[in-house]
2 protein chains.
Amino acid sequence: MSWVEDELREQPAALERFLARERDEVLGHAHELMRRDVRYLFIASRGSSANAARYAQYVFGAFNRLPVAFSTPSLYTLYDAPPRLDGALAVAISQSGESPDVVSVLAEAKLQQRPTIAITNEPESPLAEQADWVVPLQAGTERAVAATKTYLNSVAAVALLSAALARDEARLDSLQAIPAAVTEQVERSLSAAADFDRYAGSDGGVVVARGLNLGTAFEIALKIRELSGIPYEPFSSADLLHGPIAALLPGRPVLVVAPSGPALASVRDSLAKLRERGASVVAISDDAGVLAAADVALPLARTVPEWLSPLTTVVPGQVAAIRLATLRGGDIDRPAGLTKVTLTR
Amino acid sequence: MSWVEDELREQPAALERFLARERDEVLGHAHELMRRDVRYLFIASRGSSANAARYAQYVFGAFNRLPVAFSTPSLYTLYDAPPRLDGALAVAISQSGESPDVVSVLAEAKLQQRPTIAITNEPESPLAEQADWVVPLQAGTERAVAATKTYLNSVAAVALLSAALARDEARLDSLQAIPAAVTEQVERSLSAAADFDRYAGSDGGVVVARGLNLGTAFEIALKIRELSGIPYEPFSSADLLHGPIAALLPGRPVLVVAPSGPALASVRDSLAKLRERGASVVAISDDAGVLAAADVALPLARTVPEWLSPLTTVVPGQVAAIRLATLRGGDIDRPAGLTKVTLTR
């Protein structure tokens, strides 16, 4: 079995380990952070970590009423003009903790005496050294170039941090039930992996979501690209109408990430327009109507609260990415041209 | 001649009109805004306007040291959980001023008693009603669905606002020279429009930039998509190494936006990796080395300060988009499936 498939299967255990080891720690530190003058979050990240950061933008906005800004590393590394961070809580998300541009964002925030958090799988990394507080991802060694369990644990870290900052016991409790839901989802998605085979010959596709799962659409598209080399693109179902719909080619797959929740209606409305354009719709959903209207149904094993659904909705996409890559050949643990640790300046 | 080509040619005049009518107005109001407790910008936008907002993120960061956060309209329209905007200056950019989601972001900021600015071509629009201060784009009627002159004037409005907030006379002066540079660029790009013909049969491409021109890469990709229906994708030359490079197919065009300035070295470095992967490189540049190393050179007519280069670098891309669309047929003023005013909720 490939490393990436091993690691896909390890996700529930990695998630459980993260929650068991870090829950109380995060709850304790969140209290300290709440005493500071934080008006918004300033997040540095790249790649899969940036997709976890997109999730943060929605979860901190919806539940903590905190706006989220993303750093632009080139202001640090190319323009030597880092912004002033008065009012910011600086957060870096990085599996390896090594990318110099992400490290430089946190170092500058520290210099400006702003509070800093590093969410990383490497608590001894250069990134961790710059942080007031490190949230270790506890994912264990990830050998495949494509992130799976570190992505899931980054999303869980964001969810935990949001609930802890809000001291929201109900949300903290619902997080505990997620590893079991992910276990079911991994099994269900693996058993239906062949459902995606009809798209193995296609040379492109689209992934659509909105709101809390927009980051999921980005992560699924990135995973398919990294593993199979097929260009899949992520879009918000809202932005779709502003231009990208012009680029949809008839017969190409459109994965629609549509779990139950406030964003479901918006994503469901885009289905009609997508089908008018001749797209072949693949639904990742627990909604019977959406699943029935799709060309290919990838059902969610369990309905979870929407704010935690990104931990399960990404799984069918990960499985599809591995399946497409396997059918198309090549080394899926070390896709051509990619490296596990990317040192971007 | 098509509307969109007319409007492409009208850009220098529209830019000149905007600067003549709005420069002193913006300088006056910027003074008021500077007296408030603004710690960061919070920008609402969609489509081409969101590409002008990407430019804002770099120009306000580099020259005003202000972080920029982008609003997530679904927090307003789907989740009914708008973030608290303490410390924010809320800015909306919208050609039509009609999209309900962008309007709702500004309305909420006003409710929270934060300062609000609307940058719009329709000063009587619903968006303008929600703003403390309207910056009219003065672009005249834009009939083609694809934005050209309203995009350029949105970028100019951001540039003007940044220089005015900083009371930077040198930058304000250099802005005055830009309409002449755009005139030259439009002429030069139109006279070399056929240079892009070899890609008319290609079914996809990539646009790469970094820093101040990242928004340009997004706008060129969107313009090609909207007009020709060919899926072009924008990437940061930094993010390219984290995954999307896996999706590059041999022989496909990669447009590299590489004007002189601090970002040039980073974009130039990505050229080698792109060519290793078999991409056909098209350079939009004033750098002799970059132009010589490219498969197709789209030279910039004049070297302008990098912070204003997005006003000229986008032009070769707009011309390429119109050319591709013309060669492939179809109604380029009303591309299938798109509408001028998109009412997103």
# chains A, B, ... in the order shown; residues from 1 in each chain; ligands from 1
$ interface_residues --of "chain A" --to "chain B" --cutoff "6 Å" --atoms "only C-alpha atoms" --output "list in words"
Gly47, Gly61, Ala62, Arg65, Leu66, Pro67, Ala69, Ser74, Leu78, Ala81, Pro83, Arg84, Gly211, Arg225, Glu226, Gly229, Ile230, Pro231, His242, Gly243, Ala246, Ala247 and Pro262 of chain A
$ write_last_selection --atoms "N, CA and C atoms" --output "PDB file, in the first residue's frame"
ATOM      1  N   GLY A  47      -0.035  26.301   0.701  1.00  0.00           N
ATOM      2  CA  GLY A  47      -0.430  24.947   0.322  1.00  0.00           C
ATOM      3  C   GLY A  47      -1.643  24.454   1.106  1.00  0.00           C
ATOM      4  N   GLY A  61     -14.917  33.777  11.977  1.00  0.00           N
ATOM      5  CA  GLY A  61     -15.890  34.815  11.648  1.00  0.00           C
ATOM      6  C   GLY A  61     -17.257  34.483  12.217  1.00  0.00           C
ATOM      7  N   ALA A  62     -17.726  33.268  11.955  1.00  0.00           N
ATOM      8  CA  ALA A  62     -19.093  32.904  12.326  1.00  0.00           C
ATOM      9  C   ALA A  62     -19.257  32.735  13.839  1.00  0.00           C
ATOM     10  N   ARG A  65     -16.751  35.961  15.820  1.00  0.00           N
ATOM     11  CA  ARG A  65     -16.952  37.303  15.275  1.00  0.00           C
ATOM     12  C   ARG A  65     -15.627  38.010  14.994  1.00  0.00           C
ATOM     13  N   LEU A  66     -14.592  37.225  14.741  1.00  0.00           N
ATOM     14  CA  LEU A  66     -13.271  37.797  14.466  1.00  0.00           C
ATOM     15  C   LEU A  66     -12.974  37.765  12.968  1.00  0.00           C
ATOM     16  N   PRO A  67     -12.666  38.915  12.378  1.00  0.00           N
ATOM     17  CA  PRO A  67     -12.213  38.905  10.985  1.00  0.00           C
ATOM     18  C   PRO A  67     -10.854  38.211  10.885  1.00  0.00           C
ATOM     19  N   ALA A  69      -7.407  38.011   8.403  1.00  0.00           N
ATOM     20  CA  ALA A  69      -6.621  38.492   7.261  1.00  0.00           C
ATOM     21  C   ALA A  69      -5.532  37.472   6.979  1.00  0.00           C
ATOM     22  N   SER A  74       5.303  38.024   0.503  1.00  0.00           N
ATOM     23  CA  SER A  74       6.245  38.812  -0.293  1.00  0.00           C
ATOM     24  C   SER A  74       6.457  40.210   0.295  1.00  0.00           C
ATOM     25  N   LEU A  78      10.197  40.088  -0.094  1.00  0.00           N
ATOM     26  CA  LEU A  78      10.617  40.807  -1.305  1.00  0.00           C
ATOM     27  C   LEU A  78      10.601  42.320  -1.112  1.00  0.00           C
ATOM     28  N   ALA A  81       8.611  45.353   3.696  1.00  0.00           N
ATOM     29  CA  ALA A  81       7.648  46.331   4.197  1.00  0.00           C
ATOM     30  C   ALA A  81       6.500  45.617   4.905  1.00  0.00           C
ATOM     31  N   PRO A  83       3.431  44.810   7.241  1.00  0.00           N
ATOM     32  CA  PRO A  83       2.402  45.701   7.802  1.00  0.00           C
ATOM     33  C   PRO A  83       2.480  45.787   9.328  1.00  0.00           C
ATOM     34  N   ARG A  84       1.927  46.863   9.857  1.00  0.00           N
ATOM     35  CA  ARG A  84       1.809  47.005  11.317  1.00  0.00           C
ATOM     36  C   ARG A  84       0.652  46.140  11.794  1.00  0.00           C
ATOM     37  N   GLY A 211     -18.863  28.920   1.908  1.00  0.00           N
ATOM     38  CA  GLY A 211     -18.829  29.104   3.354  1.00  0.00           C
ATOM     39  C   GLY A 211     -17.801  28.223   4.013  1.00  0.00           C
ATOM     40  N   ARG A 225      -4.854  17.464  -8.013  1.00  0.00           N
ATOM     41  CA  ARG A 225      -3.743  17.976  -8.803  1.00  0.00           C
ATOM     42  C   ARG A 225      -2.412  17.360  -8.409  1.00  0.00           C
ATOM     43  N   GLU A 226      -2.137  17.400  -7.104  1.00  0.00           N
ATOM     44  CA  GLU A 226      -0.835  16.919  -6.625  1.00  0.00           C
ATOM     45  C   GLU A 226      -0.651  15.453  -6.961  1.00  0.00           C
ATOM     46  N   GLY A 229      -2.039  14.807 -11.124  1.00  0.00           N
ATOM     47  CA  GLY A 229      -1.591  15.717 -12.172  1.00  0.00           C
ATOM     48  C   GLY A 229      -2.723  16.279 -13.018  1.00  0.00           C
ATOM     49  N   ILE A 230      -3.981  15.941 -12.695  1.00  0.00           N
ATOM     50  CA  ILE A 230      -5.111  16.487 -13.465  1.00  0.00           C
ATOM     51  C   ILE A 230      -5.510  17.831 -12.861  1.00  0.00           C
ATOM     52  N   PRO A 231      -5.575  18.876 -13.705  1.00  0.00           N
ATOM     53  CA  PRO A 231      -5.913  20.187 -13.145  1.00  0.00           C
ATOM     54  C   PRO A 231      -7.375  20.308 -12.723  1.00  0.00           C
ATOM     55  N   HIS A 242     -19.637  34.772 -11.507  1.00  0.00           N
ATOM     56  CA  HIS A 242     -18.927  35.979 -11.934  1.00  0.00           C
ATOM     57  C   HIS A 242     -17.918  35.727 -13.043  1.00  0.00           C
ATOM     58  N   GLY A 243     -17.761  34.525 -13.509  1.00  0.00           N
ATOM     59  CA  GLY A 243     -16.762  34.345 -14.556  1.00  0.00           C
ATOM     60  C   GLY A 243     -16.340  32.917 -14.781  1.00  0.00           C
ATOM     61  N   ALA A 246     -17.749  30.323 -17.231  1.00  0.00           N
ATOM     62  CA  ALA A 246     -17.451  30.372 -18.672  1.00  0.00           C
ATOM     63  C   ALA A 246     -16.443  29.300 -19.071  1.00  0.00           C
ATOM     64  N   ALA A 247     -15.658  28.838 -18.131  1.00  0.00           N
ATOM     65  CA  ALA A 247     -14.580  27.907 -18.456  1.00  0.00           C
ATOM     66  C   ALA A 247     -14.981  26.446 -18.303  1.00  0.00           C
ATOM     67  N   PRO A 262     -26.281  25.886   6.668  1.00  0.00           N
ATOM     68  CA  PRO A 262     -26.703  27.135   6.019  1.00  0.00           C
ATOM     69  C   PRO A 262     -26.203  27.315   4.590  1.00  0.00           C
TER      70      PRO A 262
END
$ residues_around --residues "Gln113 in chain B" --least-positions-apart "3" --cutoff "12 Å" --atoms "only C-alpha atoms" --output "VMD selection string"
chain B and resid 36 to 37 84 to 90 106 to 110 116 130 to 132
$ residues_around --residues "range 137-141 of chain B" --least-positions-apart "6" --cutoff "8 Å" --atoms "only C-alpha atoms" --output "NGL selection string"
:B and (14-15 or 17-18 or 21 or 119-122 or 149-150 or 153-154 or 157)
$ select_by_dssp --residues "range 18-229 of chain A" --states "strand (DSSP E)" --output "ChimeraX atom specification"
/A:40-44,68-70,88-94,116-120,133-136,205-209
$ write_last_selection --atoms "C-alpha atoms" --output "CSV table (one decimal), in the first residue's frame"
chain,number,residue,atom,x,y,z
A,40,TYR,CA,-8.6,40.2,14.2
A,41,LEU,CA,-6.5,37.2,13.2
A,42,PHE,CA,-3.6,37.4,10.9
A,43,ILE,CA,-2.7,34.0,9.4
A,44,ALA,CA,0.4,32.9,7.5
A,68,VAL,CA,-9.3,37.0,9.5
A,69,ALA,CA,-6.6,38.5,7.3
A,70,PHE,CA,-4.1,36.4,5.3
A,88,ALA,CA,-3.7,41.3,15.4
A,89,LEU,CA,-3.3,37.8,16.8
A,90,ALA,CA,-0.7,36.2,14.5
A,91,VAL,CA,-1.2,32.6,13.6
A,92,ALA,CA,1.0,30.4,11.4
A,93,ILE,CA,-0.1,27.0,10.1
A,94,SER,CA,2.7,24.9,8.6
A,116,THR,CA,1.9,34.6,18.1
A,117,ILE,CA,0.7,31.0,17.7
A,118,ALA,CA,2.3,28.2,15.6
A,119,ILE,CA,0.2,25.3,14.5
A,120,THR,CA,2.7,22.8,13.3
A,133,TRP,CA,2.6,29.3,21.9
A,134,VAL,CA,2.9,26.1,19.8
A,135,VAL,CA,-0.1,23.8,19.0
A,136,PRO,CA,1.6,20.5,18.0
A,205,GLY,CA,-12.5,19.3,-13.3
A,206,VAL,CA,-14.0,21.7,-10.8
A,207,VAL,CA,-14.7,21.6,-7.1
A,208,VAL,CA,-17.5,23.8,-5.8
A,209,ALA,CA,-18.4,24.8,-2.2
$ residues_around --residues "Ser309 in chain B" --least-positions-apart "4" --cutoff "12 Å" --atoms "only C-alpha atoms" --output "PyMOL selection string"
chain B and resi 55+59+152+155-156+159+174-175+177-179+181-182+185+211-216+257-261+263-264+284-286+300-305+313-315
$ atom_distance --atom1 "CA of Arg188 in chain B" --atom2 "CA of Gly330 in chain B"
25.5 Å
$ residues_around --residues "Met1 in chain A" --least-positions-apart "2" --cutoff "12 Å" --atoms "only C-alpha atoms" --output "list in words"
Trp3, Val4, Glu5, Asp6, Glu7, Leu8, Arg9, Ala144, Ile322, Thr326, Asp331, Ile332 and Asp333 of chain A
$ closest_residue --among "A:Leu33, A:Val158, A:Ala13, A:Leu271" --to "Arg114 in chain A" --atoms "only C-alpha atoms"
A:Leu33
$ residues_around --residues "Ala297 in chain B" --least-positions-apart "2" --cutoff "9 Å" --atoms "only C-alpha atoms" --output "NGL selection string"
:B and (195 or 281-285 or 290-295 or 299)
$ closest_residue --among "A:Gln318, A:Thr312, A:Ser45, A:Ser191" --to "Ala147 in chain A" --atoms "only C-alpha atoms"
A:Gln318
$ select_by_dssp --residues "range 50-199 of chain B" --states "helix (DSSP H, G or I)" --output "ChimeraX atom specification"
/B:50-64,74-77,100-111,126-129,149-165,169-176,178-191,193-199
$ closest_residue --among "B:Ala200, B:Ala128, B:Ala164, B:Ala52" --to "His31 in chain B" --atoms "only C-alpha atoms"
B:Ala164
$ decode --residues "range 177-190 of chain A" --atoms "N, CA and C atoms" --output "compact mmCIF listing (two decimals), in the first residue's frame"
# COMPACT_ATOMS: atom_id res chain seq x y z
N ALA A 177 -16.70 13.88 19.09
CA ALA A 177 -17.37 12.80 18.34
C ALA A 177 -16.81 12.65 16.93
N ILE A 178 -15.93 13.54 16.52
CA ILE A 178 -15.51 13.59 15.11
C ILE A 178 -14.60 12.42 14.69
N PRO A 179 -13.64 11.99 15.54
CA PRO A 179 -12.82 10.88 15.07
C PRO A 179 -13.64 9.66 14.64
N ALA A 180 -14.70 9.34 15.36
CA ALA A 180 -15.55 8.21 14.98
C ALA A 180 -16.23 8.46 13.63
N ALA A 181 -16.66 9.70 13.42
CA ALA A 181 -17.29 10.03 12.14
C ALA A 181 -16.29 9.92 10.99
N VAL A 182 -15.05 10.32 11.25
CA VAL A 182 -14.02 10.22 10.20
C VAL A 182 -13.70 8.76 9.90
N THR A 183 -13.66 7.92 10.95
CA THR A 183 -13.45 6.48 10.74
C THR A 183 -14.50 5.92 9.78
N GLU A 184 -15.77 6.21 10.07
CA GLU A 184 -16.85 5.74 9.19
C GLU A 184 -16.69 6.28 7.77
N GLN A 185 -16.31 7.56 7.68
CA GLN A 185 -16.22 8.18 6.36
C GLN A 185 -15.09 7.56 5.54
N VAL A 186 -13.95 7.31 6.18
CA VAL A 186 -12.82 6.70 5.46
C VAL A 186 -13.24 5.33 4.93
N GLU A 187 -13.90 4.53 5.78
CA GLU A 187 -14.33 3.20 5.33
C GLU A 187 -15.33 3.29 4.18
N ARG A 188 -16.32 4.14 4.37
CA ARG A 188 -17.36 4.28 3.34
C ARG A 188 -16.77 4.76 2.01
N SER A 189 -15.88 5.77 2.08
CA SER A 189 -15.32 6.32 0.84
C SER A 189 -14.41 5.31 0.16
N LEU A 190 -13.61 4.57 0.95
CA LEU A 190 -12.73 3.57 0.34
C LEU A 190 -13.53 2.47 -0.33
